[in-house]
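Visitor: Got a structure for you, written out below as structure tokens; questions coming shortly.
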Amino acid sequence: MKKKFLFAVLSALAISLPLGIATASADSGALALPMAFNQAIANAIPAPADSPLLDANGNVVTDASGAPVSDPKEPFHSVKPQEYDPAHTDLVQGAWLNAIGCPSGASVATYPATSPTATFTDSSCAIGDPRDRHNEGLLLAKTGPTSNNASAVAELKKVKGITLTELGWDIRKQGVSANAVGSHCGAGAPRFNISFHTTTGPGFAFLGCNSPPAETQTPSLTGWIRMRWGAAGLLAAGVPANNVVDRITIVFDEGQDTGGPDQFGAAVLDNIDVNATLVGHGACDCD
């Protein structure tokens, strides 16, 4: 069943509209769902525990409230997909799947060979996650209406306490982010939800695939775009330079009724970037 669903997803990504059509997304200026829903998602899913900091005797270090302190030497290393679906609608999915990611040094066998004859690297991801051994990609999908109280979510682990300077991903899409062909890329989905604090208190911001626009987009001829937001993009999203990160998630909550040329309800991402560290593989939480 999963293979049939994946085939349908990728087929629709490829043929959604003819190549070469580039139109600004109708939802490029606002979230499809209100901020209250956005924050509800962030609050409803418990953050996974990071590895604790240990003292010289091997004991867990705690803060003033008694909570374990995260080990600052363990860097960002994992993106864990899951689903927010309190009504059990079975209309959202988040999963790392083999063979759908942006290929970096992937083996190919030119017909009629039955063993590898060469390798293939997409120009957008010449530098990828070296730990990705199966060309994994992160599938995020929402079937049906956007108004359904459900979302595909992916948690970025080991980001608590860092100062965020860069975010990004590779997205399976043709040409530019506003193009009609390929993964959905709107103002609200996929997006980074960013919880942080500064010396003046806590903050919350979202950074959508098309809002604010990525500072750099590196497209390839084969249908991937590397997107990056640096200091200016983060500031435009509401994240100041003196931020201290509390939590970052990727949220996909726009369904098949969302306006715009890529009205599709799904996206394939790879090589999630936090401060130039890339994660392009992970365990699947597909229940």
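Letters for chains follow the order of the structure tokens (A, B, ...), residue numbers begin at 1 for each chain, and ligand numbers begin at 1 in the order shown.
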For Thr119 of chain A, find every residue with an atom within 6 Å (counting only C-alpha atoms), except residues of its own chain fewer than 6 positions away, and show them as a list of chain:residue names.

Guide: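 Returned residues: A:Gly105, A:Ala106, A:Ser107, A:Val108.
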
Visitor: For the residues selected in the previous step, produce a file with N, CA and C atoms as a PDB file, in the first residue's frame.

Guide:
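Okay, this is what ended up in result15.pdb:
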```pdb
ATOM      1  N   GLY A 105      25.821  11.206  -5.427  1.00  0.00           N
ATOM      2  CA  GLY A 105      26.642  10.035  -5.643  1.00  0.00           C
ATOM      3  C   GLY A 105      25.848   8.744  -5.680  1.00  0.00           C
ATOM      4  N   ALA A 106      24.603   8.805  -6.151  1.00  0.00           N
ATOM      5  CA  ALA A 106      23.770   7.610  -6.209  1.00  0.00           C
ATOM      6  C   ALA A 106      24.203   6.699  -7.354  1.00  0.00           C
ATOM      7  N   SER A 107      24.163   5.406  -7.123  1.00  0.00           N
ATOM      8  CA  SER A 107      24.516   4.440  -8.167  1.00  0.00           C
ATOM      9  C   SER A 107      23.407   4.367  -9.209  1.00  0.00           C
ATOM     10  N   VAL A 108      23.787   4.270 -10.486  1.00  0.00           N
ATOM     11  CA  VAL A 108      22.840   4.057 -11.571  1.00  0.00           C
ATOM     12  C   VAL A 108      23.370   2.931 -12.454  1.00  0.00           C
TER      13      VAL A 108
END
```

Visitor: Mind checking which residues fall within 10 Å of Thr89 of chain A, counting only C-alpha atoms, ignoring those fewer than 5 positions away in the same chain, and posting them as a VMD selection string?

Guide: chain A and resid 143 148 to 150

Visitor: Based on DSSP run over this structure's backbone, return all residues of segment 36-278 of chain A in strand (DSSP E or B), as an NGL selection string.

Guide: :A and (52 or 54 or 60 or 62 or 68 or 70 or 78-84 or 92-97 or 106-108 or 118-120 or 137-142 or 151-157 or 167-171 or 173 or 179 or 182 or 191-198 or 201-208 or 211 or 216-219 or 225-229 or 244-252 or 266-274 or 277-278)

Visitor: Among segment 121-251 of chain A, which residues does DSSP mark as helix (DSSP H, G or I) when it is run on the backbone? Keep the chain and numbering as in the structure and answer as JSON, numbers by chain.

Guide: {"A": [123, 124, 125, 231, 232, 233, 234, 235, 236, 237]}

Visitor: Find the residues near Arg228 of chain A: any atom within 7 Å, counting only C-alpha atoms, skip ones fewer than 6 places away on the same chain, and give them as a PyMOL selection string.

Guide: chain A and resi 167-169+214-217

Visitor: Nearest to Ile248 of chain A among A:Ala267, A:Ala189, A:Val181, A:Val153, with distances taken over only C-alpha atoms: which residue is it?

Guide: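 Residue with the minimum atom-to-atom distance to Ile248 of chain A: A:Val153.
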
Visitor: Find the spatial neighbours of Cys209 of chain A, counting only C-alpha atoms, within a cut-off of 8 Å - ignore same-chain residues fewer than 3 positions away - and output them as a tab-separated table (two decimals) with N, CA and C atoms, in the first residue's frame.

Guide:
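In the end it all went to out_20.tsv:
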```tsv
chain	number	residue	atom	x	y	z
A	177	SER	N	10.74	28.33	-6.63
A	177	SER	CA	9.80	27.92	-5.59
A	177	SER	C	8.36	28.25	-5.92
A	185	CYS	N	4.74	24.52	-2.29
A	185	CYS	CA	5.65	25.47	-1.63
A	185	CYS	C	4.91	26.78	-1.48
A	186	GLY	N	4.13	26.90	-0.40
A	186	GLY	CA	3.34	28.10	-0.16
A	186	GLY	C	3.88	28.92	0.98
A	187	ALA	N	3.10	29.90	1.40
A	187	ALA	CA	3.51	30.74	2.52
A	187	ALA	C	3.49	29.96	3.83
A	188	GLY	N	2.57	28.99	3.92
A	188	GLY	CA	2.40	28.30	5.18
A	188	GLY	C	2.84	26.87	5.22
A	189	ALA	N	3.14	26.28	4.08
A	189	ALA	CA	3.53	24.86	4.08
A	189	ALA	C	4.38	24.56	2.85
A	190	PRO	N	5.45	23.80	3.08
A	190	PRO	CA	6.01	23.47	4.39
A	190	PRO	C	6.62	24.71	5.04
A	191	ARG	N	6.71	24.71	6.34
A	191	ARG	CA	7.28	25.87	7.04
A	191	ARG	C	8.06	25.41	8.26
A	212	PRO	N	9.03	34.40	4.43
A	212	PRO	CA	9.60	35.30	3.42
A	212	PRO	C	10.33	34.53	2.33
A	213	PRO	N	10.56	35.16	1.18
A	213	PRO	CA	11.27	34.46	0.10
A	213	PRO	C	12.67	34.03	0.55
A	214	ALA	N	13.10	32.88	0.10
A	214	ALA	CA	14.46	32.42	0.41
A	214	ALA	C	15.47	33.38	-0.18
```

Visitor: Which polymer residues have any atom within 12 Å of an atom of Ser104 of chain A, counting only C-alpha atoms, with same-chain residues fewer than 5 positions away left out, as a ChimeraX atom specification?

Guide: /A:99,119-136,270-271,280

Visitor: Keeping only C-alpha atoms, take the residues you just selected and write them out as a CSV table (one decimal), in the first residue's frame.

Guide:
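The result, written out as selection.csv:
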```csv
chain,number,residue,atom,x,y,z
A,99,ALA,CA,15.0,6.5,-2.9
A,119,THR,CA,26.9,7.5,-10.2
A,120,PHE,CA,24.5,10.4,-10.4
A,121,THR,CA,24.6,13.6,-8.4
A,122,ASP,CA,21.9,16.3,-8.7
A,123,SER,CA,23.6,19.7,-9.1
A,124,SER,CA,21.4,21.1,-6.3
A,125,CYS,CA,22.7,18.7,-3.7
A,126,ALA,CA,26.4,18.2,-4.7
A,127,ILE,CA,26.9,18.5,-0.9
A,128,GLY,CA,24.4,16.4,1.1
A,129,ASP,CA,24.2,14.5,4.3
A,130,PRO,CA,27.1,12.0,4.1
A,131,ARG,CA,25.3,9.6,6.5
A,132,ASP,CA,22.4,9.1,4.1
A,133,ARG,CA,23.1,5.7,2.6
A,134,HIS,CA,19.7,5.1,0.9
A,135,ASN,CA,18.9,8.5,-0.8
A,136,GLU,CA,16.2,9.2,1.7
A,270,ASP,CA,15.8,16.6,1.8
A,271,ASN,CA,19.0,17.8,3.5
A,280,GLY,CA,19.0,14.0,5.0
```

Visitor: When distances are computed from only C-alpha atoms, which of A:Thr198, A:Gln82, A:Thr277, A:Ser151 shows the smallest separation from Gly94 of chain A?

Guide: A:Gln82

Visitor: Could you jot down the atom CA of Thr249 of chain A to atom CA of Leu234 of chain A separation for me, Å, one decimal place?

Guide: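 Taking atom CA of Thr249 of chain A as the start and atom CA of Leu234 of chain A as the end point, the length is 14.8 Å.
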
Visitor: Given the choices A:Ile225, A:Val92, A:Val274, A:Ala241, which gets closest to Ala141 of chain A if the distance is worked out from only C-alpha atoms?

Guide: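 The shortest atom-to-atom distance to Ala141 of chain A comes from A:Val92.
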
Visitor: At what distance in Å, to one decimal, does atom CA of Val176 of chain A lie from atom CA of Gly137 of chain A?

Guide: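 So the answer is 19.2 Å.
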
Visitor: Hey, can you check how far atom CA of Pro116 of chain A sits from atom CA of Pro103 of chain A?

Guide: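 Interatomic distance, atom CA of Pro116 of chain A to atom CA of Pro103 of chain A: 14.7 Å.
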